[in-house]
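Accompanying notes for the structure given below.
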Amino acid sequence: MENKTFDIIIIGGGPAGLTAAIYAARSDLDFIVFEGSKPGGQITMAPKVEDFPGFPGGISGAELMVKTKKQAEILGAKIVCEEAIKVDLSGRPFKVFTKEKEYKSKSLIVATGSAANWLGLESEQRLIGQGVSACSICDGPFFKGKKVAIVGGGDTATKEATYLSKIASEVVLIHRGSGLDAFAQNQDRVFETKNIKVIFDSVVEEILGESKVEGVKIRNLKSQKEEDLRIDGLFIAIGHNPATGFLKGQVELDNKGFIVVRDQTKTSVPGVFAAGDAMDSRYQQAITAAAAGCKAALDAESWLEEY
């Protein structure tokens with residue numbers, strides 16, 4: 001495979017990459033998928049997914065991606081457990097490098113996703129999927145009528161607080177700063193919503209509970225006083241980091257590292273397309289990632305016809 005030139009190399013094995021693979025396979029293109037170090041992507045951490053069409057009883061994120069991968073493979077997709085660490089897009093064919101090999105391709109689809117920023121607490125990592133989440137839209141409905149907390153003070157955190165206030169009985173927004181960092185309109189919505197409480201100058205020191213979230217220990221940065229806050233769920237809203245470091249200097253990225261696209265999936269380099277959370281800082285949903293993967297594959301196919 002190292003000496004051949006593929007029609008497409010798809011980098012990423014999450015909803016976007018595997019959907020692109022399904023469409024590329026059905027178009028009878030010669031391609032390969034690098035699923036990377038985290039096969040299936042971020043969604044595999046979700047214990048139950050209820051917002052992906054076709055599963056009325058819900059499905060775990062891991063099982064959803066196992067089924068999607070199997071579907072792609074049945075159609076003929078070749079998926080390898082390798083990670084792209086560098087690309088050379090200065091000429092054609094494009095070159096993609098893993099730790100030990102070099103691959104060539106006429107076109108490229110980047111679907112490497114993004115990862116949520118976490119607090120870095122042992123208790124947080126232990127309880128991800130057991131009350132700790134980085135996606136209110138994904139997991140908020142599981143906390144109907146319950147008390148939840150959000151860590152963050154920017155636009156993402158304030159929007160999630162407003163969203164969760166319509167589901168949860170009470171929402172506590174915990175922010176390390178003395179004021180919110182969000183746009184004025186988003187701040188106004190928070191302060192005008194009766195069941196949202198804001199705790200300033202505070203950080204989460206520990207998440208309480210053994211098998212599920214039962215509360216958080218917070219520390220006031222000014223007084224150094226600690227207190228326990230009883231909650232049922234904790235949402236971390238301190239941003240996402242797109243997995244695009246290996247693309248710096250190769251394609252246009254925005255100031256947060258997300259791939260800049262025009263006309264749906266086209267990057268700044270002709271023949272290079274992007275899909276999913278690596279180019280979408282707004283929605284960050286499995287279904288939108290899958291849709292973008294479909295578009296990227298169709299766009300790549302059209303581009304290859306003129307290659």
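Chain labels follow the order of the structure tokens: the first chain is A, the next B, and so on; residue numbering restarts at 1 in every chain, and ligands are counted from 1 in their shown order.
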Using 7 Å as the limit and counting only C-alpha atoms, can you tabulate each residue of segment 226-279 of chain A that touches segment 290-300 of chain A, with its shortest atom-to-atom distance in Å and the two atoms involved, as CSV?
residue,atom,partner,partner_atom,distance
A:Thr265,CA,A:Ala296,CA,5.6
A:Gly271,CA,A:Ala300,CA,6.8
A:Phe273,CA,A:Ala296,CA,5.9
A:Ala274,CA,A:Ala296,CA,6.5
A:Ala275,CA,A:Ala292,CA,4.9
A:Gly276,CA,A:Ala292,CA,5.9
Based on the selection just made, write C-alpha atoms of those residues as a tab-separated table (two decimals), in the first residue's frame.
chain	number	residue	atom	x	y	z
A	265	THR	CA	-16.25	20.92	3.18
A	271	GLY	CA	-8.47	18.29	-3.09
A	273	PHE	CA	-11.75	18.23	2.46
A	274	ALA	CA	-12.75	18.40	6.12
A	275	ALA	CA	-15.67	16.99	8.08
A	276	GLY	CA	-16.91	16.72	11.63
Sorted by chain and rising residue number, which residues of segment 204-252 of chain A lie within 7 Å of segment 147-150 of chain A, and what are their closest atom pairs and distances in Å to one decimal, counting only C-alpha atoms, as a tab-separated table?
residue	atom	partner	partner_atom	distance
A:Ile231	CA	A:Lys147	CA	5.2
A:Asp232	CA	A:Lys147	CA	5.6
A:Gly233	CA	A:Val148	CA	4.7
A:Leu234	CA	A:Ala149	CA	4.9
A:Phe235	CA	A:Ile150	CA	4.7
A:Ile236	CA	A:Ile150	CA	5.8
A:Ala237	CA	A:Ile150	CA	6.7
May I have the selected residues written with N, CA, C and O atoms, as an mmCIF file, in the first residue's frame?
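As written to disk, result_34.cif reads:
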data_model
loop_
_atom_site.group_PDB
_atom_site.id
_atom_site.type_symbol
_atom_site.label_atom_id
_atom_site.label_comp_id
_atom_site.auth_asym_id
_atom_site.auth_seq_id
_atom_site.Cartn_x
_atom_site.Cartn_y
_atom_site.Cartn_z
ATOM 1 N N ILE A 231 -25.127 17.829 43.861
ATOM 2 C CA ILE A 231 -25.686 17.893 42.513
ATOM 3 C C ILE A 231 -25.809 16.466 41.975
ATOM 4 O O ILE A 231 -25.237 15.528 42.523
ATOM 5 N N ASP A 232 -26.556 16.328 40.873
ATOM 6 C CA ASP A 232 -26.729 15.026 40.236
ATOM 7 C C ASP A 232 -25.890 14.878 38.968
ATOM 8 O O ASP A 232 -25.653 13.760 38.505
ATOM 9 N N GLY A 233 -25.484 16.005 38.401
ATOM 10 C CA GLY A 233 -24.699 15.953 37.169
ATOM 11 C C GLY A 233 -23.788 17.156 37.049
ATOM 12 O O GLY A 233 -24.113 18.245 37.550
ATOM 13 N N LEU A 234 -22.639 16.953 36.395
ATOM 14 C CA LEU A 234 -21.668 18.034 36.208
ATOM 15 C C LEU A 234 -21.299 18.116 34.732
ATOM 16 O O LEU A 234 -20.881 17.121 34.127
ATOM 17 N N PHE A 235 -21.434 19.312 34.166
ATOM 18 C CA PHE A 235 -21.099 19.545 32.767
ATOM 19 C C PHE A 235 -19.873 20.455 32.683
ATOM 20 O O PHE A 235 -19.838 21.521 33.287
ATOM 21 N N ILE A 236 -18.874 20.002 31.940
ATOM 22 C CA ILE A 236 -17.654 20.770 31.765
ATOM 23 C C ILE A 236 -17.763 21.548 30.468
ATOM 24 O O ILE A 236 -17.916 20.956 29.390
ATOM 25 N N ALA A 237 -17.692 22.867 30.542
ATOM 26 C CA ALA A 237 -17.871 23.716 29.363
ATOM 27 C C ALA A 237 -16.742 24.733 29.280
ATOM 28 O O ALA A 237 -16.947 25.940 29.370
#
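Minimum distance to Ser90 of chain A across A:Cys135, A:Leu29, A:Val272, A:Ala21 (counting only C-alpha atoms) occurs at A:Val272.
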Which residues, written as number ranges by chain, have at least one atom at most 12 Å from segment 199-208 of chain A, with only C-alpha atoms counted and residues fewer than 2 positions away on the same chain left out?
-> A: 118-128, 130-132, 149-153, 171-181, 191, 196-197, 210-236
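Distance-wise, atom CA of Lys166 of chain A and atom CA of Asp277 of chain A end up 25.9 Å apart.
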Residue contacts of Ser169 of chain A (8 Å, only C-alpha atoms) excluding same-chain residues fewer than 3 positions away, as a PyMOL selection string | chain A and resi 144-147+165+195
Only N, CA, C and O atoms, please: the residues just picked out, written as a PDB file, in the first residue's frame.
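To be explicit, this is the file written out as part_0.pdb:
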ATOM      1  N   LYS A 144     -33.450  15.435  33.755  1.00  0.00           N
ATOM      2  CA  LYS A 144     -34.727  16.139  33.866  1.00  0.00           C
ATOM      3  C   LYS A 144     -35.180  16.195  35.322  1.00  0.00           C
ATOM      4  O   LYS A 144     -35.249  15.187  36.013  1.00  0.00           O
ATOM      5  N   GLY A 145     -35.464  17.402  35.778  1.00  0.00           N
ATOM      6  CA  GLY A 145     -35.936  17.589  37.143  1.00  0.00           C
ATOM      7  C   GLY A 145     -34.869  17.456  38.213  1.00  0.00           C
ATOM      8  O   GLY A 145     -35.184  17.465  39.405  1.00  0.00           O
ATOM      9  N   LYS A 146     -33.598  17.357  37.814  1.00  0.00           N
ATOM     10  CA  LYS A 146     -32.511  17.194  38.779  1.00  0.00           C
ATOM     11  C   LYS A 146     -31.645  18.451  38.854  1.00  0.00           C
ATOM     12  O   LYS A 146     -31.778  19.355  38.040  1.00  0.00           O
ATOM     13  N   LYS A 147     -30.751  18.475  39.809  1.00  0.00           N
ATOM     14  CA  LYS A 147     -29.867  19.619  40.006  1.00  0.00           C
ATOM     15  C   LYS A 147     -28.527  19.332  39.351  1.00  0.00           C
ATOM     16  O   LYS A 147     -27.919  18.285  39.586  1.00  0.00           O
ATOM     17  N   SER A 165     -31.410  24.854  31.956  1.00  0.00           N
ATOM     18  CA  SER A 165     -32.413  25.416  32.866  1.00  0.00           C
ATOM     19  C   SER A 165     -33.826  25.010  32.486  1.00  0.00           C
ATOM     20  O   SER A 165     -34.736  25.026  33.320  1.00  0.00           O
ATOM     21  N   ASN A 195     -33.903  29.781  37.758  1.00  0.00           N
ATOM     22  CA  ASN A 195     -33.322  28.555  38.330  1.00  0.00           C
ATOM     23  C   ASN A 195     -31.838  28.371  37.976  1.00  0.00           C
ATOM     24  O   ASN A 195     -31.301  27.276  38.062  1.00  0.00           O
TER      25      ASN A 195
END
Segment 98-106 of chain A environment, 10 Å, only C-alpha atoms, sequence neighbours closer than 5 positions dropped, as an MDAnalysis selection string | chainID A and resid 1:10 30:32 34 36 82:88 91:93 271:272 300 303:304 307
Give one line per residue of segment 118-170 of chain A that approaches segment 59-64 of chain A to at most 12 Å, naming the two atoms of the closest pair and their distance in Å to one decimal, counting only C-alpha atoms; sort by chain then ascending residue number and deliver it as CSV.
residue,atom,partner,partner_atom,distance
A:Gly129,CA,A:Ser60,CA,10.4
A:Cys138,CA,A:Gly61,CA,10.8
A:Asp139,CA,A:Gly61,CA,11.9
I need the residues from that last selection saved to file as a PDB file, in the first residue's frame (with N, CA, C and O atoms), if you can.
ATOM      1  N   GLY A 129     -19.469   9.899  31.931  1.00  0.00           N
ATOM      2  CA  GLY A 129     -20.531   8.980  31.539  1.00  0.00           C
ATOM      3  C   GLY A 129     -21.369   8.497  32.704  1.00  0.00           C
ATOM      4  O   GLY A 129     -22.370   7.806  32.517  1.00  0.00           O
ATOM      5  N   CYS A 138     -26.237  16.457  24.375  1.00  0.00           N
ATOM      6  CA  CYS A 138     -26.205  14.993  24.346  1.00  0.00           C
ATOM      7  C   CYS A 138     -26.813  14.388  25.599  1.00  0.00           C
ATOM      8  O   CYS A 138     -27.616  13.448  25.534  1.00  0.00           O
ATOM      9  N   ASP A 139     -26.411  14.908  26.762  1.00  0.00           N
ATOM     10  CA  ASP A 139     -26.717  14.238  28.025  1.00  0.00           C
ATOM     11  C   ASP A 139     -27.687  14.983  28.936  1.00  0.00           C
ATOM     12  O   ASP A 139     -28.138  14.426  29.936  1.00  0.00           O
TER      13      ASP A 139
END
In segment 26-182 of chain A, what's alpha helix (DSSP H) per DSSP? Answer as a PyMOL selection string?
-> chain A and resi 26+61-74+122-126+136-139+155-165
Distance of atom CA of Ile287 of chain A from atom CA of Ile259 of chain A, expressed in Å to one decimal place = 18.7 Å
From the list A:Thr193, A:Ser37, A:Thr112, A:Ser107, the nearest residue to Cys81 of chain A using only C-alpha atoms is A:Ser37
Residue set, segment 215-306 of chain A restricted to strand (DSSP E), as a ChimeraX atom specification | /A:215-220,226-230,233-236,240-242,272-274
Given only C-alpha atoms as the counted atoms, nearest of A:Asp28, A:Asn241, A:Lys38, A:Gly113 to Gln285 of chain A = A:Gly113
